[in-house]
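Novice: Please find one structure pasted underneath; my questions will follow.
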Amino acid sequence: MIRKYLIFLILFLSLNSLKAQNSDFIIPGDNLIVEGVPDIPATLADELEKYTESKSAILSDWHPVIKEMIISTRVGNTYQLKYITSPLDTGMQLTFFDEPVRSATFDPVNGDFFLFYKDTDGDEFRQIYRYDLKDGIVTMLTKGGREQNGGIEWLGSGNHIAYTSTRRNGADRDIYIMDPMNPDSDSLFLELKGGGWGILDCSEDGKSLLLMEYISNSISYYWLADLATGALTELTEKSDEDIYYSQAVFSKDGNGLYFITDKDHEFRTLAYMDLNDKSAKFISNNQTGDVEDFDYSKDGKSLAYIVNEYGESKLYIYNTDSGISKLINNIPVGVYGSLSFNNNSVDLAMTISSARSSRDIYVYNLNSDVLTRWTESDMGGIVPEELSIPELIKWKSFDGLEISGFYYKPHPKFTGKCPVMIDIHGGPASQSRPGYLGSYNYYLNELGIAIILPNVRGSSGFGKTFLKLDNGFDRKNSVKDIGALLDRIETEPLLDPDRVMVIGGSYGGYMSLAVSVDYADRIRCAVDVVGISNFNTFLKNTESYRRDLRRVEYGDERDPEMYEFLEKISPLNNAEKITKPILIVQGGNDPRVPRTEAEQMMNTIKSLNGIVWYLEAKDEGHGFAKKSNADFQRYVTVMFVKKYLLGK
């Protein structure tokens with residue numbers, strides 16, 4: 001009864017943070033800073049409602065003993081954990097926090113408890129908590145404060161965990177060991193230099209930890225840590241060639257590793273390393289896209305892996321005895337992720353999404369070749385058959401490089417030339433995929449706006465050469481890729497080149513600002529969500545555990561030549577060229593792109609008498625995670641689009 005009351009209270013408070021009773025307008029809550037935005041009619045909430053209610057499901061972990069699982073899905077205002085006992089079970093809600101909870105890991109022996117992370121108001125200073133299933137009691141295990149904890153790995157028999165933390169100095173990611181049933185046992189195991197360290201696996205005998213040292217999107221290394229002595233052994237040598245090593249696990253016999261790398265390949269490939277001589281044998285034969293995820297069965301007989309082929313996913317099962325990979329064909333076309341074998345070694349869970357379905361959990365049985373749907377998320381009244389299926393489009397950039405993207409056409413009821421929304425992904429080494437657009441379907445179905453999701457140079461999924469083409473002094477070449485897309489739009493008979501807007505988050509926010517500088521005469525307006533406005537101030541103010549990692553991508557501002565270049569290309573220093581309206585959205589606790597980046601951009605545009613709308617949520621970080629805030633952001637964005645792109 002208490003939990004039901006709490007859910008009702010959360011929903012009530014969320015609604016009233018947006019919409020005052022008996023009001024003709026949507027009133028922002030005290031947690032929101034709003035400048036330059038006109039009053040938003042309350043009718044807009046009704047107009048958008050069915051496009052804002054979609055949910056999705058994410059697998060957190062299988063129970064170690066029985067065929068049941070914990071998932072994360074939105075309940076009310078935030079994502080929370082649910083316990084699922086069978087396919088299409090509605091589930092029992094476990095967590096009831098104001099903050100999102102998206103992951104969990106069971107104790108691997110009996111499943112009597114699980115561990116999860118939670119931060120505060122999007123600050124990403126995650127703490128580790130224990131949830132006891134017997135009584136639902138939650139215990140915080142880490143120290144609290146401005147430290148980022150993560151990378152939990154169970155050791156040997158499962159009585160202890162290793163995890164990473166920035167606790168010591170805020171910049172370096174060290175390794176700690178703890179008995180989760182006794183938080184006072186927490187102790188520093190290994191001091192490390194750098195913010196890119198992570199724990200990948202523990203050997204079955206409990207003697208070794210497999211670590212990854214992340215340097216950049218194209219450079220990383222593997223290390224072994226002796227759990228008895230703390231001694232580090234380098235598994236991958238440094239070389240003049242950039243080589244990326246990502247996900248990896250120990251083989252069942254402990255003699256090798258299964259891992260993903262682009263060593264000797266253009267695309268990231270599944271491979272096996274013999275730990276005796278460190279030789280590598282390549283397993284997958286992917287020639288056009290990356291292996292992006294895999295999981296290893298408990299019995300050591302099977303590896304499931306996903307290949308990204310032009311944005312869509314293909315699932316393969318590799319038999320470790322025969323050395324043969326089998327493509328699994330009876331799975332819906334879409335984007336797959338979160339591969340996880342049950343301890344029975346035959347049931348493989350995964351998430352699947354597509355342009356017409358939000359992310360849900362399916363289980364594929366290796367013995368029966370049967371796929372079973374475990375969750376069916378509510379799409380909030382959206383009719384799947386009415387949603388646009390994207391088309392892969394390609395165009396040549398200024399230097400002849402082929403760039404591609406996904407083009408979502410508006411509902412067929414709209415005739416004539418359509419306005420265009422160019423949505424640029426962040427990262428910058430992310431990739432736009434042909435997935436579910438959620439509330440963006442409102443623009444397609446109700447406003448007749450075409451949407452293009454470009455993958456400019458520097459995007460992942462197109463090989464390691466393509467990935468590095470925007471680094472350092474080549475930064476502006478990715479902006480020119482959008483210029484070439486504007487040329488392409490002029491040739492499309494169904495698109496209106498006189499009504500184009502750009503929108504993007506994080507690095508995509510920078511791109512929106514940069515396009516507003518370089519192509520102001522070819523766009524109507526732009527939306528910058530948690531974007532970088534000046535690379536030098538960004539590198540100065542981003543959290544210290546991220547700074548060196550970002551310098552590899554953007555350039556080291558401590559070098560005078562690079563500092564001068566970054567000053568030259570930063571939108572903040574070219575704001576006088578921005579002549580079209582800008583909407584800036586920011587989280588007040590963003591540890592990645594601090595709020596100062598948004599604030600200085602807003603103030604500069606205002607000082608130049610430019611048109612700028614500003615929205616900041618004090619209780620959010622790098623993007624809006626709470627539905628009430630995300631809804632208000634949608635209302636503001638729709639108002640902005642209607643006024644400046646459509647001229648309504």
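Every chain in the structure tokens takes a letter, A first, then B, and so on in the order presented; its residues are numbered from 1, and the ligands are numbered from 1 following the presented order.
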When DSSP works through the backbone of this structure, what residues of range 37-84 of chain A end up as strand (DSSP E), shown as a PyMOL selection string?
Specialist: chain A and resi 40-41+57-62+69-75+78-84
Novice: Just the residues within 9 Å of Ile382 in chain A, please, counting only C-alpha atoms, with nothing from its chain fewer than 5 positions along; format it as a PyMOL selection string.
Specialist: chain A and resi 50-51+53-54+387+441
Novice: For the selection just defined, write its residues with N, CA and C atoms to a file, as a PDB file, in the first residue's frame.
Specialist:
```
ATOM      1  N   LYS A  50       0.226  11.170 -26.862  1.00  0.00           N
ATOM      2  CA  LYS A  50       0.478   9.790 -27.287  1.00  0.00           C
ATOM      3  C   LYS A  50       1.902   9.583 -27.787  1.00  0.00           C
ATOM      4  N   TYR A  51       2.583  10.684 -28.117  1.00  0.00           N
ATOM      5  CA  TYR A  51       3.965  10.567 -28.582  1.00  0.00           C
ATOM      6  C   TYR A  51       4.986  10.636 -27.444  1.00  0.00           C
ATOM      7  N   GLU A  53       4.433   8.895 -24.378  1.00  0.00           N
ATOM      8  CA  GLU A  53       4.154   7.849 -23.393  1.00  0.00           C
ATOM      9  C   GLU A  53       4.811   6.510 -23.710  1.00  0.00           C
ATOM     10  N   SER A  54       5.574   6.435 -24.783  1.00  0.00           N
ATOM     11  CA  SER A  54       6.239   5.167 -25.113  1.00  0.00           C
ATOM     12  C   SER A  54       7.185   4.743 -23.995  1.00  0.00           C
ATOM     13  N   LEU A 387       4.105   4.341 -38.589  1.00  0.00           N
ATOM     14  CA  LEU A 387       5.420   4.940 -38.402  1.00  0.00           C
ATOM     15  C   LEU A 387       6.288   4.763 -39.646  1.00  0.00           C
ATOM     16  N   ASN A 441       8.320  10.988 -33.715  1.00  0.00           N
ATOM     17  CA  ASN A 441       7.293  10.614 -34.678  1.00  0.00           C
ATOM     18  C   ASN A 441       6.196  11.674 -34.786  1.00  0.00           C
TER      19      ASN A 441
END
```
Novice: Rank A:Gly170, A:Gly254, A:Pro412, A:Gly483 by their smallest atom-to-atom distance to Glu386 in chain A, using only C-alpha atoms, and report the top residue only.
Specialist: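 Checking each candidate against Glu386 in chain A, we get A:Pro412 as the closest.
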Novice: Would you pick out the contacts of range 625-640 of chain A at 8 Å or less, using only C-alpha atoms, so that residues sharing its chain but fewer than 2 positions from it are not included, and give the list as JSON, numbers by chain?
Specialist: {"A": [14, 15, 17, 18, 28, 37, 40, 44, 45, 52, 76, 77, 78, 99, 100, 122, 527, 583, 585, 615, 617, 620, 623, 642, 643, 644, 645]}
Novice: Would you output that residue set with C-alpha atoms, as a compact mmCIF listing (two decimals), in the first residue's frame?
Specialist:
```txt
# COMPACT_ATOMS: atom_id res chain seq x y z
CA SER A 14 5.51 15.26 -11.83
CA LEU A 15 2.32 16.44 -13.47
CA SER A 17 5.69 20.48 -11.96
CA LEU A 18 4.57 21.13 -15.54
CA PRO A 28 7.45 25.19 -15.53
CA VAL A 37 10.44 31.05 -24.19
CA ILE A 40 3.17 27.24 -23.79
CA LEU A 44 0.02 21.24 -26.50
CA ALA A 45 0.34 18.58 -23.81
CA THR A 52 5.44 11.00 -25.08
CA GLY A 76 6.01 7.14 -13.66
CA ASN A 77 8.74 9.75 -13.94
CA THR A 78 11.92 7.64 -14.09
CA GLU A 99 16.37 9.17 -9.65
CA PRO A 100 16.62 6.63 -12.50
CA GLY A 122 22.13 13.50 -13.18
CA VAL A 527 18.59 23.39 -31.32
CA LEU A 583 17.19 26.95 -28.64
CA VAL A 585 18.88 23.09 -23.53
CA LEU A 615 15.92 25.88 -20.91
CA ALA A 617 16.83 21.75 -15.53
CA GLU A 620 19.39 16.92 -14.59
CA GLY A 623 20.34 15.14 -21.00
CA LYS A 642 6.49 25.58 -35.17
CA LYS A 643 7.54 29.22 -34.88
CA TYR A 644 10.89 29.24 -36.62
CA LEU A 645 10.95 26.25 -38.97
```
Novice: Take CA of Tyr131 in chain A and CA of Phe106 in chain A and report the distance between them in Å, one decimal.
Specialist: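 Separating CA of Tyr131 in chain A from CA of Phe106 in chain A is a distance of 9.4 Å.
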Novice: One decimal, Å: what's the distance from CA of Gly621 in chain A over to CA of Gln80 in chain A, could you say?
Specialist: 17.7 Å
Novice: Extract, using only C-alpha atoms, all DNA, RNA and protein residues at most 10 Å from Phe116 in chain A, discarding same-chain residues fewer than 2 positions from it, and format them as number ranges by chain.
Specialist: A: 60, 81, 101-106, 114, 118, 126-131, 138, 140, 150, 152
Novice: Which residue out of A:Asn286, A:Thr320, A:Ser218, A:Ser459 has the minimum interatomic distance to Ile424 in chain A when only C-alpha atoms are used?
Specialist: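 Comparing A:Asn286, A:Thr320, A:Ser218, A:Ser459 against Ile424 in chain A, the winner is A:Ser459.
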Novice: Write out as a Markdown table a residue-level contact list of range 31-95 of chain A versus range 344-367 of chain A with cut-off 10 Å: for each qualifying residue the closest pair of atoms and the distance in Å to one decimal, counting only C-alpha atoms, rows sorted by chain and residue number upward.
Specialist:
```
| residue | atom | partner | partner_atom | distance |
| --- | --- | --- | --- | --- |
| A:Ser54 | CA | A:Ser358 | CA | 7.5 |
| A:Lys55 | CA | A:Ser358 | CA | 7.0 |
| A:Ser56 | CA | A:Arg359 | CA | 4.9 |
| A:Ala57 | CA | A:Asp360 | CA | 5.0 |
| A:Ile58 | CA | A:Ile361 | CA | 6.7 |
| A:Leu59 | CA | A:Ile361 | CA | 6.7 |
| A:Asp61 | CA | A:Ala349 | CA | 9.5 |
| A:Trp62 | CA | A:Ala349 | CA | 8.7 |
| A:Pro64 | CA | A:Asn344 | CA | 9.1 |
| A:Val65 | CA | A:Asn344 | CA | 8.9 |
| A:Ile66 | CA | A:Asn344 | CA | 9.1 |
| A:Lys67 | CA | A:Asn344 | CA | 8.5 |
| A:Met69 | CA | A:Ala349 | CA | 9.8 |
| A:Ile71 | CA | A:Ile361 | CA | 8.8 |
| A:Thr73 | CA | A:Asp360 | CA | 9.7 |
| A:Pro87 | CA | A:Tyr362 | CA | 8.7 |
| A:Leu88 | CA | A:Ile361 | CA | 9.6 |
```
Novice: Convert the current residue selection to file output with C-alpha atoms, as a PDB file, in the first residue's frame.
Specialist:
```
ATOM      1  CA  SER A  54       6.239   5.167 -25.113  1.00  0.00           C
ATOM      2  CA  LYS A  55       8.206   2.885 -22.821  1.00  0.00           C
ATOM      3  CA  SER A  56      11.035   0.440 -23.367  1.00  0.00           C
ATOM      4  CA  ALA A  57      12.619  -2.421 -21.457  1.00  0.00           C
ATOM      5  CA  ILE A  58      16.286  -3.087 -20.768  1.00  0.00           C
ATOM      6  CA  LEU A  59      17.647  -6.358 -19.400  1.00  0.00           C
ATOM      7  CA  ASP A  61      20.462  -9.407 -15.195  1.00  0.00           C
ATOM      8  CA  TRP A  62      19.298 -13.015 -15.178  1.00  0.00           C
ATOM      9  CA  PRO A  64      21.628 -17.097 -11.293  1.00  0.00           C
ATOM     10  CA  VAL A  65      19.487 -20.091 -10.281  1.00  0.00           C
ATOM     11  CA  ILE A  66      16.071 -19.799 -11.903  1.00  0.00           C
ATOM     12  CA  LYS A  67      14.902 -18.539 -15.307  1.00  0.00           C
ATOM     13  CA  MET A  69      15.243 -11.640 -14.631  1.00  0.00           C
ATOM     14  CA  ILE A  71      14.682  -5.412 -16.066  1.00  0.00           C
ATOM     15  CA  THR A  73      11.685   0.276 -17.486  1.00  0.00           C
ATOM     16  CA  PRO A  87       7.480 -14.136 -20.660  1.00  0.00           C
ATOM     17  CA  LEU A  88       5.137 -11.100 -20.807  1.00  0.00           C
TER      18      LEU A  88
END
```
Novice: Distance CA of Ser322 in chain A-CA of Ser284 in chain A, one decimal place?
Specialist: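 Pair CA of Ser322 in chain A / CA of Ser284 in chain A returns 13.6 Å.
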Novice: From the list A:Tyr221, A:Tyr310, A:Tyr245, A:Tyr272, which residue is nearest Ser460 in chain A when using only C-alpha atoms?
Specialist: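 Among the listed residues, the smallest separation from Ser460 in chain A belongs to A:Tyr310.
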Novice: Can you pull out every residue within 10 Å of Ile161 in chain A, counting only C-alpha atoms, but drop anything in the same chain fewer than 6 positions away, and send it as a PyMOL selection string?
Specialist: chain A and resi 107+151-155+176-180+186+202
Novice: Just N, CA and C atoms for this one: save the residues we selected as an mmCIF file, in the first residue's frame.
Specialist:
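The result, stored in selection-v1.cif:
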```
data_model
loop_
_atom_site.group_PDB
_atom_site.id
_atom_site.type_symbol
_atom_site.label_atom_id
_atom_site.label_comp_id
_atom_site.auth_asym_id
_atom_site.auth_seq_id
_atom_site.Cartn_x
_atom_site.Cartn_y
_atom_site.Cartn_z
ATOM 1 N N ASP A 107 23.866 -11.269 -6.995
ATOM 2 C CA ASP A 107 24.928 -12.084 -6.418
ATOM 3 C C ASP A 107 24.910 -13.395 -7.178
ATOM 4 N N GLY A 151 31.660 -0.436 -12.860
ATOM 5 C CA GLY A 151 32.433 -1.580 -13.339
ATOM 6 C C GLY A 151 32.460 -2.760 -12.401
ATOM 7 N N ILE A 152 31.348 -3.067 -11.736
ATOM 8 C CA ILE A 152 31.324 -4.161 -10.762
ATOM 9 C C ILE A 152 31.642 -5.494 -11.434
ATOM 10 N N GLU A 153 32.546 -6.240 -10.822
ATOM 11 C CA GLU A 153 32.873 -7.591 -11.289
ATOM 12 C C GLU A 153 32.958 -8.509 -10.070
ATOM 13 N N TRP A 154 32.230 -9.639 -10.108
ATOM 14 C CA TRP A 154 32.255 -10.596 -9.005
ATOM 15 C C TRP A 154 33.548 -11.410 -9.068
ATOM 16 N N LEU A 155 34.103 -11.693 -7.910
ATOM 17 C CA LEU A 155 35.387 -12.393 -7.830
ATOM 18 C C LEU A 155 35.188 -13.844 -7.408
ATOM 19 N N TYR A 176 38.874 -1.018 -6.326
ATOM 20 C CA TYR A 176 38.598 -1.345 -4.931
ATOM 21 C C TYR A 176 37.996 -2.738 -4.855
ATOM 22 N N ILE A 177 38.110 -3.367 -3.684
ATOM 23 C CA ILE A 177 37.527 -4.685 -3.441
ATOM 24 C C ILE A 177 36.676 -4.609 -2.174
ATOM 25 N N MET A 178 35.513 -5.269 -2.225
ATOM 26 C CA MET A 178 34.574 -5.199 -1.105
ATOM 27 C C MET A 178 33.749 -6.477 -1.014
ATOM 28 N N ASP A 179 33.398 -6.860 0.207
ATOM 29 C CA ASP A 179 32.360 -7.853 0.449
ATOM 30 C C ASP A 179 31.045 -7.078 0.550
ATOM 31 N N PRO A 180 30.115 -7.249 -0.393
ATOM 32 C CA PRO A 180 28.892 -6.440 -0.378
ATOM 33 C C PRO A 180 28.033 -6.627 0.867
ATOM 34 N N ASP A 186 35.453 -2.614 2.514
ATOM 35 C CA ASP A 186 35.871 -1.885 1.304
ATOM 36 C C ASP A 186 37.323 -1.421 1.439
ATOM 37 N N CYS A 202 36.777 -11.514 -14.422
ATOM 38 C CA CYS A 202 37.624 -12.174 -13.431
ATOM 39 C C CYS A 202 37.758 -13.634 -13.827
#
```
Novice: Taking the DSSP assignment computed from this structure's backbone, write out as a PyMOL selection string all residues of range 366-570 of chain A that belong to helix (DSSP H, G or I).
Specialist: chain A and resi 384-386+438-445+464-467+472-491+507-518+520-522+535-541+544-554+560-569
Novice: Next, dump the selected residues to file, keeping only C-alpha atoms, as a compact mmCIF listing (two decimals), in the first residue's frame.
Specialist:
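The result, written out as selection-v9.txt:
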```txt
# COMPACT_ATOMS: atom_id res chain seq x y z
CA PRO A 384 3.27 0.93 -35.33
CA GLU A 385 1.99 0.60 -38.90
CA GLU A 386 1.74 4.40 -39.14
CA GLY A 438 9.73 7.87 -29.99
CA SER A 439 8.32 11.38 -29.62
CA TYR A 440 10.06 12.47 -32.86
CA ASN A 441 7.29 10.61 -34.68
CA TYR A 442 5.12 13.64 -33.84
CA TYR A 443 7.16 15.73 -36.29
CA LEU A 444 6.69 13.11 -39.02
CA ASN A 445 3.03 12.32 -38.47
CA LYS A 464 38.64 2.82 -37.90
CA THR A 465 39.85 5.05 -40.75
CA PHE A 466 36.49 6.83 -40.93
CA LEU A 467 36.38 7.07 -37.12
CA GLY A 472 42.16 17.38 -33.76
CA PHE A 473 42.81 19.83 -36.60
CA ASP A 474 40.30 17.99 -38.83
CA ARG A 475 37.36 18.90 -36.59
CA LYS A 476 35.61 21.23 -39.03
CA ASN A 477 35.56 18.62 -41.80
CA SER A 478 32.63 16.93 -40.06
CA VAL A 479 30.74 20.26 -40.20
CA LYS A 480 31.43 20.37 -43.95
CA ASP A 481 29.74 16.96 -44.20
CA ILE A 482 26.53 18.69 -43.12
CA GLY A 483 27.17 21.37 -45.74
CA ALA A 484 27.28 18.59 -48.32
CA LEU A 485 24.02 17.21 -46.92
CA LEU A 486 22.44 20.63 -47.44
CA ASP A 487 23.55 20.35 -51.08
CA ARG A 488 21.93 16.91 -51.27
CA ILE A 489 18.67 18.24 -49.84
CA GLU A 490 18.50 20.74 -52.69
CA THR A 491 18.40 17.85 -55.16
CA TYR A 507 28.81 16.77 -29.60
CA GLY A 508 25.72 17.02 -31.80
CA GLY A 509 24.95 20.22 -29.90
CA TYR A 510 28.33 21.60 -30.92
CA MET A 511 27.59 20.56 -34.50
CA SER A 512 24.27 22.42 -34.42
CA LEU A 513 26.05 25.56 -33.25
CA ALA A 514 28.84 25.12 -35.81
CA VAL A 515 26.35 24.67 -38.66
CA SER A 516 24.58 27.81 -37.40
CA VAL A 517 27.89 29.64 -37.79
CA ASP A 518 29.02 28.24 -41.15
CA ALA A 520 23.46 30.43 -41.36
CA ASP A 521 22.05 31.38 -44.75
CA ARG A 522 20.93 27.78 -45.42
CA PHE A 535 36.42 23.58 -26.73
CA ASN A 536 38.98 25.26 -24.49
CA THR A 537 36.55 26.18 -21.74
CA PHE A 538 34.94 22.76 -22.10
CA LEU A 539 38.27 20.99 -21.58
CA LYS A 540 39.00 23.24 -18.60
CA ASN A 541 35.68 22.59 -16.87
CA SER A 544 38.84 15.74 -14.36
CA TYR A 545 38.40 11.99 -14.92
CA ARG A 546 37.27 12.78 -18.49
CA ARG A 547 39.70 15.55 -19.48
CA ASP A 548 42.61 13.55 -20.86
CA LEU A 549 40.25 11.19 -22.69
CA ARG A 550 38.60 14.13 -24.45
CA ARG A 551 41.95 15.72 -25.34
CA VAL A 552 42.77 12.73 -27.53
CA GLU A 553 39.60 13.37 -29.54
CA TYR A 554 39.41 17.16 -29.65
CA PRO A 560 49.52 26.74 -27.98
CA GLU A 561 48.87 25.89 -31.62
CA MET A 562 45.96 23.63 -30.74
CA TYR A 563 44.59 26.17 -28.26
CA GLU A 564 44.57 28.83 -30.97
CA PHE A 565 42.88 26.45 -33.42
CA LEU A 566 40.18 25.47 -30.92
CA GLU A 567 39.54 29.13 -30.17
CA LYS A 568 39.20 29.82 -33.87
CA ILE A 569 36.62 27.11 -34.55
```
Novice: Need the shell around Ser432 in chain A: protein/DNA/RNA residues with any atom at most 9 Å away, counting only C-alpha atoms. Skip same-chain ones fewer than 3 positions apart. Format as a PDB file with N, CA and C atoms, in the first residue's frame?
Specialist:
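result33.pdb written:
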```
ATOM      1  N   GLY A 311      24.030  -0.284 -40.032  1.00  0.00           N
ATOM      2  CA  GLY A 311      23.098   0.196 -39.019  1.00  0.00           C
ATOM      3  C   GLY A 311      22.178  -0.864 -38.468  1.00  0.00           C
ATOM      4  N   GLY A 405      23.348   8.412 -44.077  1.00  0.00           N
ATOM      5  CA  GLY A 405      22.423   8.719 -42.995  1.00  0.00           C
ATOM      6  C   GLY A 405      21.096   8.034 -43.239  1.00  0.00           C
ATOM      7  N   PHE A 406      20.198   8.175 -42.284  1.00  0.00           N
ATOM      8  CA  PHE A 406      18.873   7.575 -42.402  1.00  0.00           C
ATOM      9  C   PHE A 406      17.826   8.668 -42.567  1.00  0.00           C
ATOM     10  N   ILE A 424      21.755  15.482 -35.495  1.00  0.00           N
ATOM     11  CA  ILE A 424      23.152  15.023 -35.508  1.00  0.00           C
ATOM     12  C   ILE A 424      23.490  14.374 -34.171  1.00  0.00           C
ATOM     13  N   HIS A 425      23.990  13.143 -34.220  1.00  0.00           N
ATOM     14  CA  HIS A 425      24.276  12.406 -32.989  1.00  0.00           C
ATOM     15  C   HIS A 425      25.482  12.973 -32.246  1.00  0.00           C
ATOM     16  N   GLY A 435      16.469   3.109 -35.820  1.00  0.00           N
ATOM     17  CA  GLY A 435      15.687   2.657 -34.687  1.00  0.00           C
ATOM     18  C   GLY A 435      14.432   3.467 -34.444  1.00  0.00           C
ATOM     19  N   LEU A 453      18.976  11.583 -40.147  1.00  0.00           N
ATOM     20  CA  LEU A 453      19.969  11.298 -39.108  1.00  0.00           C
ATOM     21  C   LEU A 453      21.297  11.008 -39.803  1.00  0.00           C
ATOM     22  N   PRO A 454      22.192  11.976 -39.928  1.00  0.00           N
ATOM     23  CA  PRO A 454      23.450  11.751 -40.644  1.00  0.00           C
ATOM     24  C   PRO A 454      24.504  11.082 -39.767  1.00  0.00           C
ATOM     25  N   ASN A 455      25.393  10.349 -40.399  1.00  0.00           N
ATOM     26  CA  ASN A 455      26.586   9.814 -39.738  1.00  0.00           C
ATOM     27  C   ASN A 455      27.807  10.461 -40.380  1.00  0.00           C
ATOM     28  N   SER A 459      32.017   9.170 -37.012  1.00  0.00           N
ATOM     29  CA  SER A 459      31.017   8.254 -36.460  1.00  0.00           C
ATOM     30  C   SER A 459      31.589   6.842 -36.392  1.00  0.00           C
TER      31      SER A 459
END
```
Novice: From the set A:Ser279, A:Asn319, A:Ser157, A:Asn182, which residue has the shortest atom-to-atom contact distance to Gly206 in chain A, counting only C-alpha atoms?
Specialist: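 Looking at the shortest contact to Gly206 in chain A, the residue is A:Ser157.
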